[in-house]
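> Structure file structure_37.cif, mmCIF, C-alpha atoms, is pasted below:
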```cif
data_start
#
loop_
_atom_site.label_atom_id
_atom_site.label_comp_id
_atom_site.auth_asym_id
_atom_site.auth_seq_id
_atom_site.Cartn_x
_atom_site.Cartn_y
_atom_site.Cartn_z
CA MET L 1 -23.07 -6.09 -2.99
CA THR L 2 -21.96 -4.92 -6.45
CA ARG L 3 -18.81 -3.05 -7.46
CA GLN L 4 -20.94 0.05 -8.02
CA GLU L 5 -22.42 -0.22 -4.53
CA LEU L 6 -18.95 -0.65 -3.04
CA SER L 7 -17.47 2.34 -4.84
CA ALA L 8 -20.50 4.51 -4.07
CA HIS L 9 -20.28 3.71 -0.36
CA ILE L 10 -16.52 4.36 -0.27
CA ALA L 11 -16.98 7.70 -2.00
CA GLU L 12 -19.83 8.66 0.33
CA GLN L 13 -17.80 7.83 3.45
CA LEU L 14 -14.85 9.83 2.22
CA LYS L 15 -17.07 12.79 1.35
CA ALA L 16 -18.81 12.69 4.71
CA ASN L 17 -15.45 12.89 6.50
CA LYS L 18 -13.65 15.08 3.96
CA ASP L 19 -12.88 18.07 6.17
CA THR L 20 -11.63 15.99 9.11
CA LEU L 21 -9.52 13.79 6.86
CA ARG L 22 -8.04 16.77 5.00
CA THR L 23 -7.03 18.44 8.28
CA TYR L 24 -5.49 15.21 9.55
CA TRP L 25 -3.62 14.74 6.26
CA GLN L 26 -2.16 18.24 6.36
CA GLN L 27 -0.97 17.87 9.95
CA SER L 28 0.22 14.26 9.79
CA GLY L 29 3.74 12.89 9.86
CA PRO L 30 6.37 11.55 9.51
CA VAL L 31 4.73 10.53 6.20
CA ARG L 32 1.53 12.33 5.18
CA HIS L 33 -1.44 10.04 5.65
CA PHE L 34 -4.97 9.67 6.96
CA HIS L 35 -7.08 6.75 8.12
CA LEU L 36 -10.82 6.19 8.09
CA ASP L 37 -12.45 3.49 10.21
CA ASP L 38 -15.64 1.55 9.42
CA LEU L 39 -15.30 2.30 5.72
CA LEU L 40 -17.92 -0.26 4.69
CA PRO L 41 -20.78 -1.95 6.51
CA ALA L 42 -19.06 -4.57 8.66
CA SER L 43 -20.89 -7.43 6.95
CA TRP L 44 -19.63 -6.25 3.55
CA ALA L 45 -16.04 -6.05 4.78
CA ALA L 46 -16.29 -9.53 6.33
CA ASP L 47 -17.66 -10.88 3.04
CA CYS L 48 -14.63 -9.43 1.23
CA PHE L 49 -12.32 -11.21 3.66
CA ARG L 50 -14.11 -14.54 3.22
CA ALA L 51 -13.88 -14.19 -0.57
CA LEU L 52 -10.08 -14.08 -0.57
CA PRO L 53 -8.24 -16.98 -2.22
CA ALA L 54 -6.06 -19.33 -0.20
CA ALA L 55 -2.52 -18.08 0.33
CA GLU L 56 -1.05 -20.94 -1.70
CA LYS L 57 -2.81 -19.56 -4.79
CA LEU L 58 -0.92 -16.29 -4.46
CA ILE L 59 2.67 -15.23 -5.20
CA GLU L 60 4.96 -15.84 -2.25
CA ARG L 61 7.66 -13.25 -1.58
CA HIS L 62 10.23 -14.71 0.81
CA THR L 63 13.54 -12.87 1.24
CA VAL L 64 15.48 -11.23 4.06
CA LYS L 65 13.58 -8.04 3.18
CA GLU L 66 10.00 -9.32 3.16
CA HIS L 67 7.78 -12.33 3.63
CA LYS L 68 4.20 -12.17 2.41
CA HIS L 69 1.79 -13.47 -0.22
CA VAL L 70 0.45 -11.16 -2.93
CA GLY L 71 -1.91 -11.51 -5.85
CA VAL L 72 -3.45 -9.57 -8.74
CA ASP L 73 -5.01 -12.38 -10.80
CA ILE L 74 -8.53 -11.18 -10.07
CA ASP L 75 -10.05 -13.07 -13.00
CA SER L 76 -9.31 -16.34 -11.20
CA TYR L 77 -10.57 -15.25 -7.76
CA ASN L 78 -14.04 -14.88 -6.33
CA PRO L 79 -15.55 -11.92 -8.27
CA LEU L 80 -16.01 -9.98 -5.04
CA VAL L 81 -12.21 -9.68 -4.72
CA GLY L 82 -11.96 -7.88 -8.03
CA ASP L 83 -14.98 -5.77 -7.16
CA ILE L 84 -13.52 -4.43 -3.90
CA LEU L 85 -10.11 -3.85 -5.47
CA LEU L 86 -11.43 -1.97 -8.47
CA ALA L 87 -14.04 -0.08 -6.45
CA PHE L 88 -11.17 2.10 -5.24
CA GLN L 89 -10.48 3.01 -8.87
CA ASP L 90 -13.94 4.41 -9.54
CA VAL L 91 -13.78 8.02 -10.70
CA ALA L 92 -15.91 9.25 -7.77
CA VAL L 93 -13.49 7.65 -5.28
CA VAL L 94 -10.42 8.97 -7.09
CA ASN L 95 -11.88 12.48 -7.22
CA ILE L 96 -12.68 12.70 -3.50
CA VAL L 97 -9.25 11.27 -2.62
CA SER L 98 -7.76 14.06 -4.75
CA GLU L 99 -9.84 16.66 -2.88
CA ILE L 100 -8.77 15.36 0.52
CA THR L 101 -5.06 15.05 -0.23
CA GLY L 102 -4.69 17.98 -2.61
CA VAL L 103 -2.92 15.72 -5.11
CA LYS L 104 -4.18 16.70 -8.55
CA ASP L 105 -4.67 14.67 -11.72
CA LEU L 106 -4.77 11.30 -10.00
CA LEU L 107 -4.89 8.18 -12.13
CA ALA L 108 -5.92 4.70 -11.01
CA ASP L 109 -4.02 1.62 -12.16
CA GLY L 110 -6.08 -1.17 -13.69
CA SER L 111 -2.95 -3.33 -13.95
CA LEU L 112 -2.64 -3.35 -10.14
CA TYR L 113 1.15 -3.12 -10.46
CA GLY L 114 2.65 -3.85 -7.05
CA SER L 115 -0.76 -3.76 -5.35
CA GLY L 116 -3.80 -6.06 -5.19
CA ILE L 117 -4.12 -8.59 -2.36
CA SER L 118 -1.54 -8.78 0.42
CA MET L 119 -1.74 -11.59 2.98
CA MET L 120 0.63 -12.01 5.92
CA MET L 121 0.72 -14.90 8.39
CA GLN L 122 2.62 -15.48 11.63
CA GLY L 123 6.27 -14.56 11.19
CA ASP L 124 5.68 -12.47 8.04
CA PHE L 125 7.00 -8.91 7.79
CA LEU L 126 8.04 -6.13 5.42
CA LEU L 127 11.20 -4.13 6.13
CA PRO L 128 11.26 -0.32 5.92
CA HIS L 129 11.40 0.75 2.29
CA LEU L 130 10.60 3.32 -0.36
CA ASP L 131 8.30 2.10 -3.11
CA ASN L 132 9.38 2.18 -6.74
CA SER L 133 8.91 5.77 -7.88
CA HIS L 134 6.93 4.98 -11.04
CA ASP L 135 4.23 2.80 -12.53
CA GLY L 136 4.84 -0.47 -14.38
CA ASP L 137 5.59 1.37 -17.62
CA GLY L 138 8.03 3.75 -15.95
CA LYS L 139 6.04 6.82 -17.06
CA LEU L 140 3.79 7.95 -14.20
CA TYR L 141 4.76 8.87 -10.64
CA ARG L 142 3.43 6.72 -7.82
CA VAL L 143 1.94 9.33 -5.49
CA LEU L 144 -0.58 7.67 -3.15
CA ASN L 145 -1.05 4.24 -1.59
CA ALA L 146 -4.51 3.11 -0.44
CA LEU L 147 -4.46 0.27 2.11
CA TYR L 148 -7.74 -1.29 3.19
CA TYR L 149 -7.52 -3.85 6.03
CA ILE L 150 -10.19 -6.53 6.10
CA THR L 151 -9.25 -9.16 8.72
CA PRO L 152 -12.05 -9.33 11.32
CA ASP L 153 -11.06 -9.08 14.99
CA TRP L 154 -7.38 -8.31 14.36
CA PRO L 155 -5.91 -7.02 17.66
CA GLU L 156 -3.18 -4.39 17.51
CA ASP L 157 -0.77 -6.60 19.46
CA ASN L 158 -0.99 -9.28 16.73
CA GLY L 159 1.50 -7.21 14.72
CA GLY L 160 1.27 -6.84 10.96
CA ASN L 161 0.74 -3.12 11.47
CA LEU L 162 1.81 -0.32 9.14
CA GLU L 163 4.83 1.72 10.28
CA LEU L 164 5.71 5.17 8.95
CA TRP L 165 9.28 6.43 9.42
CA ASP L 166 11.13 9.70 9.15
CA GLY L 167 14.24 9.95 6.96
CA ASP L 168 16.66 9.27 9.82
CA MET L 169 14.72 6.18 10.95
CA ALA L 170 14.41 7.82 14.36
CA GLU L 171 10.69 8.61 14.42
CA ARG L 172 8.14 5.85 13.84
CA GLN L 173 4.36 5.94 13.82
CA GLU L 174 2.53 2.62 14.02
CA ILE L 175 -0.96 2.34 12.52
CA HIS L 176 -3.08 -0.62 13.57
CA ALA L 177 -4.19 -2.89 10.72
CA ARG L 178 -7.69 -2.68 12.19
CA PHE L 179 -10.62 -4.43 10.53
CA ASN L 180 -12.49 -2.23 8.03
CA ARG L 181 -9.90 0.57 8.21
CA LEU L 182 -8.68 2.50 5.17
CA VAL L 183 -5.24 4.12 5.31
CA MET L 184 -4.15 6.53 2.60
CA MET L 185 -0.46 7.47 2.53
CA GLU L 186 1.75 9.60 0.33
CA THR L 187 4.55 8.00 -1.68
CA ASN L 188 7.58 10.05 -2.71
CA THR L 189 11.32 10.24 -2.09
CA HIS L 190 11.00 10.13 1.71
CA SER L 191 7.89 8.03 2.42
CA ILE L 192 9.67 5.18 4.23
CA HIS L 193 7.19 2.60 5.53
CA SER L 194 7.13 -0.99 6.72
CA VAL L 195 4.95 -3.71 8.25
CA ASN L 196 6.05 -5.10 11.59
CA LYS L 197 6.17 -8.85 12.15
CA VAL L 198 2.94 -10.79 12.55
CA LEU L 199 3.25 -12.33 16.00
CA ARG L 200 0.32 -14.73 16.26
CA PRO L 201 -1.59 -17.23 14.11
CA GLY L 202 -4.07 -15.79 11.64
CA THR L 203 -4.04 -13.92 8.34
CA ARG L 204 -3.62 -10.17 8.17
CA ALA L 205 -5.25 -9.30 4.84
CA CYS L 206 -5.02 -6.02 2.99
CA ILE L 207 -6.57 -4.74 -0.23
CA SER L 208 -4.23 -2.16 -1.79
CA ASN L 209 -4.26 0.28 -4.67
CA TYR L 210 -1.72 2.80 -5.91
CA TYR L 211 -2.65 6.10 -7.49
CA PHE L 212 -0.37 7.73 -10.05
CA SER L 213 0.21 11.14 -11.60
CA ALA L 214 2.15 12.50 -14.56
CA ARG L 215 3.89 14.90 -12.14
CA PRO L 216 5.63 14.39 -8.80
CA VAL L 217 4.00 16.09 -5.81
CA GLY L 218 5.95 19.13 -4.64
CA GLU L 219 9.32 17.82 -5.80
CA PRO L 220 11.53 18.03 -8.89
CA ALA L 221 11.62 15.04 -11.19
CA TYR L 222 13.12 11.91 -9.65
CA ILE L 223 13.45 8.19 -10.19
CA HIS L 224 14.27 5.37 -7.80
CA LYS L 225 13.80 1.64 -7.50
CA THR L 226 12.19 -0.02 -4.49
CA THR L 227 14.76 0.62 -1.78
CA PHE L 228 14.91 -1.30 1.50
CA TYR L 229 16.42 -0.22 4.81
CA ALA L 230 17.30 -2.14 7.96
CA ARG L 231 15.32 -1.54 11.11
CA PRO L 232 17.12 0.48 13.82
CA GLU L 233 17.56 -2.65 15.96
CA ASP L 234 19.11 -4.70 13.12
CA ASP L 235 22.81 -5.55 13.12
CA LEU L 236 25.44 -3.49 11.33
CA PHE L 237 26.02 -6.06 8.58
CA LYS L 238 22.36 -5.95 7.54
CA LYS L 239 22.35 -2.15 7.60
CA VAL L 240 25.44 -1.92 5.41
CA ALA L 241 24.31 -4.65 3.00
CA LEU L 242 20.92 -3.04 2.38
CA SER L 243 22.46 0.42 2.07
CA VAL L 244 24.94 -0.76 -0.56
CA GLU L 245 22.22 -2.64 -2.46
CA GLY L 246 19.92 0.39 -2.49
CA LYS L 247 22.61 2.79 -3.66
CA ALA L 248 23.69 0.41 -6.42
CA LYS L 249 20.13 -0.11 -7.69
CA ASN L 250 19.38 3.58 -7.74
CA PHE L 251 22.68 4.44 -9.44
CA LEU L 252 21.94 1.93 -12.19
CA SER L 253 18.37 3.25 -12.54
CA ARG L 254 19.86 6.40 -14.11
CA PHE L 255 20.99 4.36 -17.10
CA VAL L 256 18.39 1.61 -17.52
CA SER L 257 14.64 1.66 -18.03
CA ASN L 258 12.46 1.84 -14.94
CA LYS L 259 9.80 -0.21 -16.71
CA ALA L 260 8.72 -3.32 -14.79
CA THR L 261 9.30 -6.16 -17.21
CA GLY L 262 8.68 -9.78 -16.34
CA THR L 263 7.05 -9.07 -12.99
CA ARG L 264 4.23 -11.38 -11.93
CA HIS L 265 2.88 -8.67 -9.64
CA ARG L 266 0.97 -6.93 -12.43
CA ARG L 267 -2.12 -7.83 -14.43
CA LYS L 268 -1.50 -8.47 -18.11
#
```
Take the structure I supplied and represent it as C-alpha coordinates, if you would.

Amino acid sequence: MTRQELSAHIAEQLKANKDTLRTYWQQSGPVRHFHLDDLLPASWAADCFRALPAAEKLIERHTVKEHKHVGVDIDSYNPLVGDILLAFQDVAVVNIVSEITGVKDLLADGSLYGSGISMMMQGDFLLPHLDNSHDGDGKLYRVLNALYYITPDWPEDNGGNLELWDGDMAERQEIHARFNRLVMMETNTHSIHSVNKVLRPGTRACISNYYFSARPVGEPAYIHKTTFYARPEDDLFKKVALSVEGKAKNFLSRFVSNKATGTRHRRK
(Lines of atoms letter the chains of each structure in order from A and count residues from 1; the text may use other names and numbers.)
(Lines give C-alpha, C1' and ligand atoms only; values in the text may rest on other atoms or scores of the structure.)
Protein backbone atom coordinates (compact mmCIF):
# COMPACT_ATOMS: atom_id res chain seq x y z
CA MET A 1 0.00 0.00 0.00
CA THR A 2 1.12 3.60 -0.57
CA ARG A 3 1.27 6.50 1.88
CA GLN A 4 -1.73 8.03 0.13
CA GLU A 5 -3.72 4.81 0.51
CA LEU A 6 -2.79 4.62 4.18
CA SER A 7 -3.77 8.19 4.94
CA ALA A 8 -7.00 7.91 2.95
CA HIS A 9 -8.03 4.78 4.84
CA ILE A 10 -7.20 6.34 8.22
CA ALA A 11 -9.22 9.44 7.38
CA GLU A 12 -12.15 7.34 6.14
CA GLN A 13 -12.20 5.23 9.31
CA LEU A 14 -12.13 8.29 11.51
CA LYS A 15 -14.90 9.95 9.51
CA ALA A 16 -17.06 6.83 9.62
CA ASN A 17 -16.81 6.75 13.42
CA LYS A 18 -16.70 10.51 14.01
CA ASP A 19 -19.84 10.91 16.09
CA THR A 20 -19.10 7.93 18.36
CA LEU A 21 -15.50 8.99 18.84
CA ARG A 22 -16.45 12.60 19.57
CA THR A 23 -18.96 11.52 22.23
CA TYR A 24 -16.41 9.18 23.81
CA TRP A 25 -13.78 11.95 23.77
CA GLN A 26 -16.07 14.42 25.50
CA GLN A 27 -17.04 11.95 28.23
CA SER A 28 -13.64 10.33 28.76
CA GLY A 29 -11.27 10.64 31.68
CA PRO A 30 -9.06 10.98 33.64
CA VAL A 31 -7.29 12.27 30.50
CA ARG A 32 -9.43 13.03 27.44
CA HIS A 33 -8.93 10.34 24.82
CA PHE A 34 -10.57 7.99 22.35
CA HIS A 35 -9.57 4.71 20.75
CA LEU A 36 -10.50 3.16 17.43
CA ASP A 37 -9.95 -0.54 16.72
CA ASP A 38 -9.22 -2.15 13.35
CA LEU A 39 -7.94 1.12 11.94
CA LEU A 40 -6.38 -0.50 8.87
CA PRO A 41 -6.96 -3.79 7.07
CA ALA A 42 -5.24 -6.35 9.30
CA SER A 43 -2.82 -7.38 6.56
CA TRP A 44 -1.69 -3.77 6.14
CA ALA A 45 -1.10 -3.36 9.87
CA ALA A 46 0.85 -6.64 9.99
CA ASP A 47 2.98 -5.48 7.06
CA CYS A 48 3.80 -2.28 8.98
CA PHE A 49 4.94 -4.36 11.95
CA ARG A 50 7.14 -6.59 9.79
CA ALA A 51 8.73 -3.52 8.20
CA LEU A 52 10.06 -2.20 11.51
CA PRO A 53 13.84 -2.08 11.96
CA ALA A 54 15.58 -4.23 14.55
CA ALA A 55 15.65 -2.71 18.03
CA GLU A 56 19.44 -2.42 17.98
CA LYS A 57 19.14 0.08 15.12
CA LEU A 58 17.08 2.40 17.31
CA ILE A 59 17.91 4.76 20.18
CA GLU A 60 17.86 3.00 23.53
CA ARG A 61 16.48 4.93 26.49
CA HIS A 62 17.47 3.16 29.71
CA THR A 63 17.03 5.02 33.00
CA VAL A 64 15.10 4.56 36.24
CA LYS A 65 12.26 6.46 34.54
CA GLU A 66 11.97 4.53 31.28
CA HIS A 67 13.32 1.67 29.23
CA LYS A 68 12.44 1.48 25.55
CA HIS A 69 13.82 1.85 22.04
CA VAL A 70 12.77 4.75 19.83
CA GLY A 71 13.55 5.91 16.33
CA VAL A 72 12.79 8.68 13.83
CA ASP A 73 15.44 8.02 11.14
CA ILE A 74 12.82 7.02 8.59
CA ASP A 75 15.15 7.56 5.63
CA SER A 76 17.19 4.55 6.76
CA TYR A 77 14.22 2.24 7.46
CA ASN A 78 11.95 0.26 5.19
CA PRO A 79 9.95 2.93 3.29
CA LEU A 80 6.70 1.55 4.68
CA VAL A 81 7.72 2.75 8.16
CA GLY A 82 7.95 6.34 6.98
CA ASP A 83 4.73 5.94 5.04
CA ILE A 84 2.66 4.81 8.03
CA LEU A 85 4.21 7.44 10.30
CA LEU A 86 3.63 10.32 7.92
CA ALA A 87 0.20 9.09 6.85
CA PHE A 88 -1.06 10.44 10.19
CA GLN A 89 0.20 13.87 9.14
CA ASP A 90 -1.89 14.04 5.97
CA VAL A 91 -4.16 17.08 5.96
CA ALA A 92 -7.32 14.95 5.68
CA VAL A 93 -6.33 12.98 8.80
CA VAL A 94 -5.38 16.11 10.74
CA ASN A 95 -8.67 17.79 9.82
CA ILE A 96 -10.90 14.91 10.96
CA VAL A 97 -8.90 14.56 14.19
CA SER A 98 -9.57 18.27 14.77
CA GLU A 99 -13.30 17.74 14.18
CA ILE A 100 -13.47 14.83 16.61
CA THR A 101 -11.49 16.42 19.42
CA GLY A 102 -12.57 20.03 18.93
CA VAL A 103 -8.92 21.11 18.99
CA LYS A 104 -8.54 23.82 16.35
CA ASP A 105 -5.60 24.78 14.15
CA LEU A 106 -3.76 21.49 14.51
CA LEU A 107 -0.31 21.18 13.00
CA ALA A 108 1.56 17.95 12.25
CA ASP A 109 5.27 17.61 12.97
CA GLY A 110 7.45 16.41 10.12
CA SER A 111 10.47 16.36 12.46
CA LEU A 112 8.80 13.65 14.57
CA TYR A 113 10.17 15.28 17.73
CA GLY A 114 9.70 12.84 20.59
CA SER A 115 7.55 10.51 18.48
CA GLY A 116 8.18 8.02 15.65
CA ILE A 117 8.74 4.34 16.45
CA SER A 118 8.54 3.04 20.01
CA MET A 119 9.49 -0.57 20.75
CA MET A 120 9.32 -2.19 24.18
CA MET A 121 10.49 -5.69 25.12
CA GLN A 122 10.13 -7.79 28.26
CA GLY A 123 10.96 -5.70 31.32
CA ASP A 124 10.56 -2.35 29.53
CA PHE A 125 8.34 0.38 30.97
CA LEU A 126 7.62 4.11 31.05
CA LEU A 127 6.86 5.81 34.36
CA PRO A 128 3.94 8.24 34.76
CA HIS A 129 4.86 11.59 33.24
CA LEU A 130 3.77 14.79 31.57
CA ASP A 131 5.18 15.33 28.10
CA ASN A 132 7.24 18.40 27.29
CA SER A 133 4.74 21.20 26.74
CA HIS A 134 6.13 22.41 23.40
CA ASP A 135 7.57 21.32 20.09
CA GLY A 136 11.28 20.95 19.34
CA ASP A 137 11.63 24.67 18.63
CA GLY A 138 9.84 25.66 21.84
CA LYS A 139 7.18 27.63 19.93
CA LEU A 140 4.09 25.44 19.50
CA TYR A 141 2.03 23.69 22.17
CA ARG A 142 1.91 19.90 22.13
CA VAL A 143 -1.83 19.24 22.27
CA LEU A 144 -2.55 15.69 21.03
CA ASN A 145 -0.72 12.37 20.98
CA ALA A 146 -1.66 9.71 18.41
CA LEU A 147 -0.57 6.17 19.36
CA TYR A 148 -1.06 3.37 16.85
CA TYR A 149 -0.28 -0.16 18.12
CA ILE A 150 0.84 -2.68 15.53
CA THR A 151 2.05 -5.85 17.30
CA PRO A 152 -0.09 -8.78 16.11
CA ASP A 153 -1.66 -11.01 18.78
CA TRP A 154 -0.61 -8.87 21.76
CA PRO A 155 -2.65 -10.05 24.78
CA GLU A 156 -3.66 -7.48 27.38
CA ASP A 157 -1.93 -9.42 30.16
CA ASN A 158 1.42 -9.07 28.33
CA GLY A 159 1.65 -5.54 29.75
CA GLY A 160 3.05 -2.64 27.78
CA ASN A 161 -0.36 -0.99 28.00
CA LEU A 162 -1.09 2.73 28.13
CA GLU A 163 -2.15 4.10 31.53
CA LEU A 164 -3.94 7.41 32.05
CA TRP A 165 -3.84 8.99 35.52
CA ASP A 166 -5.63 11.73 37.38
CA GLY A 167 -3.64 14.53 39.04
CA ASP A 168 -3.56 12.82 42.44
CA MET A 169 -2.34 9.52 40.95
CA ALA A 170 -5.38 7.88 42.53
CA GLU A 171 -7.42 7.07 39.42
CA ARG A 172 -5.89 5.02 36.61
CA GLN A 173 -7.36 3.83 33.33
CA GLU A 174 -5.49 1.12 31.46
CA ILE A 175 -5.85 0.90 27.68
CA HIS A 176 -4.77 -2.32 26.00
CA ALA A 177 -2.02 -1.94 23.38
CA ARG A 178 -4.19 -4.05 21.09
CA PHE A 179 -3.10 -4.84 17.54
CA ASN A 180 -4.36 -2.32 14.97
CA ARG A 181 -5.73 0.06 17.62
CA LEU A 182 -5.37 3.84 17.43
CA VAL A 183 -5.45 5.83 20.67
CA MET A 184 -5.69 9.62 20.59
CA MET A 185 -5.03 11.45 23.87
CA GLU A 186 -4.87 15.06 24.96
CA THR A 187 -1.60 16.52 26.22
CA ASN A 188 -1.62 19.48 28.60
CA THR A 189 -0.68 20.38 32.17
CA HIS A 190 -2.51 17.42 33.71
CA SER A 191 -2.32 14.62 31.11
CA ILE A 192 -0.24 12.20 33.20
CA HIS A 193 0.28 8.90 31.38
CA SER A 194 2.56 5.88 31.49
CA VAL A 195 3.20 2.43 30.02
CA ASN A 196 3.14 -0.48 32.43
CA LYS A 197 5.91 -3.07 32.37
CA VAL A 198 6.07 -5.59 29.53
CA LEU A 199 5.78 -8.93 31.29
CA ARG A 200 6.48 -11.51 28.60
CA PRO A 201 8.79 -12.04 25.61
CA GLY A 202 7.89 -10.19 22.43
CA THR A 203 7.97 -6.65 21.08
CA ARG A 204 5.21 -4.17 21.80
CA ALA A 205 5.48 -1.75 18.88
CA CYS A 206 3.82 1.62 18.56
CA ILE A 207 3.75 4.24 15.80
CA SER A 208 3.30 7.68 17.38
CA ASN A 209 2.70 11.24 16.24
CA TYR A 210 2.22 14.48 18.14
CA TYR A 211 -0.01 17.28 16.94
CA PHE A 212 0.74 20.88 17.88
CA SER A 213 -1.02 24.23 18.02
CA ALA A 214 0.01 27.85 18.44
CA ARG A 215 -2.40 28.07 21.39
CA PRO A 216 -2.93 25.88 24.47
CA VAL A 217 -6.31 24.15 24.70
CA GLY A 218 -8.56 25.73 27.31
CA GLU A 219 -5.71 26.93 29.51
CA PRO A 220 -3.61 30.06 29.96
CA ALA A 221 -0.09 30.01 28.57
CA TYR A 222 2.24 27.53 30.26
CA ILE A 223 5.59 25.84 29.84
CA HIS A 224 7.01 22.69 31.39
CA LYS A 225 9.67 20.11 30.69
CA THR A 226 8.97 16.38 30.55
CA THR A 227 8.14 15.62 34.18
CA PHE A 228 8.17 12.12 35.67
CA TYR A 229 6.30 10.82 38.71
CA ALA A 230 6.68 7.67 40.77
CA ARG A 231 3.97 5.04 40.65
CA PRO A 232 1.74 4.84 43.76
CA GLU A 233 3.39 1.57 44.82
CA ASP A 234 6.95 2.95 44.54
CA ASP A 235 9.01 3.68 47.65
CA LEU A 236 9.19 7.08 49.31
CA PHE A 237 12.75 7.78 48.17
CA LYS A 238 11.80 7.40 44.51
CA LYS A 239 8.73 9.60 44.97
CA VAL A 240 10.73 12.37 46.62
CA ALA A 241 13.64 12.15 44.15
CA LEU A 242 11.38 12.44 41.09
CA SER A 243 9.34 15.22 42.69
CA VAL A 244 12.45 17.28 43.43
CA GLU A 245 13.84 16.67 39.93
CA GLY A 246 10.57 17.71 38.27
CA LYS A 247 10.21 20.89 40.32
CA ALA A 248 13.82 21.87 39.64
CA LYS A 249 13.52 21.32 35.88
CA ASN A 250 10.31 23.29 35.64
CA PHE A 251 11.66 26.14 37.77
CA LEU A 252 14.69 26.43 35.51
CA SER A 253 12.47 26.29 32.40
CA ARG A 254 11.26 29.79 33.29
CA PHE A 255 14.72 31.16 32.59
CA VAL A 256 16.15 28.99 29.81
CA SER A 257 14.96 28.15 26.32
CA ASN A 258 12.54 25.26 25.94
CA LYS A 259 14.02 24.46 22.54
CA ALA A 260 15.19 20.86 22.17
CA THR A 261 18.83 21.16 21.17
CA GLY A 262 21.07 18.17 20.64
CA THR A 263 18.32 15.58 20.93
CA ARG A 264 18.61 12.50 18.72
CA HIS A 265 14.86 11.97 18.98
CA ARG A 266 14.08 14.42 16.17
CA ARG A 267 14.60 14.34 12.42
CA LYS A 268 17.07 16.87 11.10
> Give as a PyMOL selection string each residue that has an atom at most 7 Å from (-9.6, 8.0, -1.9) in the file, counting only C-alpha atoms.
chain L and resi 14+88+93-94+96-98
> From the set L:Arg50, L:Asn17, L:Asp73, L:Met169, which residue has the shortest atom-to-atom contact distance to Asp234 in chain L, counting all atoms listed in the file?
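Closest candidate: L:Met169.
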> Taking the file above as input, evaluate the PyMOL selection byres ((chain L and resi 250) around 9) and report the hits as a count of residues only.
14
> Env of range 183-189 of chain L: 6 Å cut, atoms = all atoms listed in the file, seq-sep filter 2 positions within chain, self excluded. Answer as an NGL selection string.
:L and (32-35 or 143-147 or 191)
> Please produce a file of those selected residues containing C-alpha atoms, as a PDB file, in the frame of the given file.

```
ATOM      1  CA  ARG L  32       1.530  12.330   5.180  1.00  0.00           C
ATOM      2  CA  HIS L  33      -1.440  10.040   5.650  1.00  0.00           C
ATOM      3  CA  PHE L  34      -4.970   9.670   6.960  1.00  0.00           C
ATOM      4  CA  HIS L  35      -7.080   6.750   8.120  1.00  0.00           C
ATOM      5  CA  VAL L 143       1.940   9.330  -5.490  1.00  0.00           C
ATOM      6  CA  LEU L 144      -0.580   7.670  -3.150  1.00  0.00           C
ATOM      7  CA  ASN L 145      -1.050   4.240  -1.590  1.00  0.00           C
ATOM      8  CA  ALA L 146      -4.510   3.110  -0.440  1.00  0.00           C
ATOM      9  CA  LEU L 147      -4.460   0.270   2.110  1.00  0.00           C
ATOM     10  CA  SER L 191       7.890   8.030   2.420  1.00  0.00           C
TER      11      SER L 191
END
```
> Applied to this file, what does the PyMOL selection byres ((chain L and resi 159) around 7) return in terms of residues, put as a ChimeraX atom specification?
/L:156-158,160-161,196-199
> Between L:His69, L:Ala260, L:Arg61, L:Thr2, which has the minimum distance to Asn132 in chain L (counting all atoms listed in the file)?
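When distances to Asn132 in chain L are compared using all atoms listed in the file, the smallest one comes from L:Ala260.
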> What does the distance between CA of Phe179 in chain L and CA of Asn209 in chain L come to in Å, to one decimal place?
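Interatomic distance, CA of Phe179 in chain L to CA of Asn209 in chain L: 17.1 Å.
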> I'd like the neighbourhood of Tyr113 in chain L as a PyMOL selection string, where a residue qualifies if any of its atoms comes within 10 Å (using all atoms listed in the file), though same-chain residues fewer than 2 positions away should be ignored.
chain L and resi 72+109-111+115-116+134-137+209-210+260+263-268
> Deliver the residues from the most recent selection as a file, using C-alpha atoms, as a PDB file, keeping the file's coordinate frame.

```
ATOM      1  CA  VAL L  72      -3.450  -9.570  -8.740  1.00  0.00           C
ATOM      2  CA  ASP L 109      -4.020   1.620 -12.160  1.00  0.00           C
ATOM      3  CA  GLY L 110      -6.080  -1.170 -13.690  1.00  0.00           C
ATOM      4  CA  SER L 111      -2.950  -3.330 -13.950  1.00  0.00           C
ATOM      5  CA  SER L 115      -0.760  -3.760  -5.350  1.00  0.00           C
ATOM      6  CA  GLY L 116      -3.800  -6.060  -5.190  1.00  0.00           C
ATOM      7  CA  HIS L 134       6.930   4.980 -11.040  1.00  0.00           C
ATOM      8  CA  ASP L 135       4.230   2.800 -12.530  1.00  0.00           C
ATOM      9  CA  GLY L 136       4.840  -0.470 -14.380  1.00  0.00           C
ATOM     10  CA  ASP L 137       5.590   1.370 -17.620  1.00  0.00           C
ATOM     11  CA  ASN L 209      -4.260   0.280  -4.670  1.00  0.00           C
ATOM     12  CA  TYR L 210      -1.720   2.800  -5.910  1.00  0.00           C
ATOM     13  CA  ALA L 260       8.720  -3.320 -14.790  1.00  0.00           C
ATOM     14  CA  THR L 263       7.050  -9.070 -12.990  1.00  0.00           C
ATOM     15  CA  ARG L 264       4.230 -11.380 -11.930  1.00  0.00           C
ATOM     16  CA  HIS L 265       2.880  -8.670  -9.640  1.00  0.00           C
ATOM     17  CA  ARG L 266       0.970  -6.930 -12.430  1.00  0.00           C
ATOM     18  CA  ARG L 267      -2.120  -7.830 -14.430  1.00  0.00           C
ATOM     19  CA  LYS L 268      -1.500  -8.470 -18.110  1.00  0.00           C
TER      20      LYS L 268
END
```
> Restricting the calculation to all atoms listed in the file: of L:Leu162, L:Ala108, L:Phe228, L:Leu140, which residue gets closest to Val240 in chain L?
L:Phe228
> Quote the spacing between CA of Pro53 in chain L and CA of Asn78 in chain L in Å to one decimal place.
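Between CA of Pro53 in chain L and CA of Asn78 in chain L the gap is 7.4 Å.
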> When the PyMOL selection byres ((chain L and resi 239) around 12) is applied to the file above, which residues end up in the set, as a ChimeraX atom specification?
/L:64-65,127-128,169,228-238,240-246
> State, in Å with one decimal place, the distance from CA of Gly71 in chain L to CA of Tyr211 in chain L.
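Computing the Euclidean distance for CA of Gly71 in chain L and CA of Tyr211 in chain L yields 17.7 Å.
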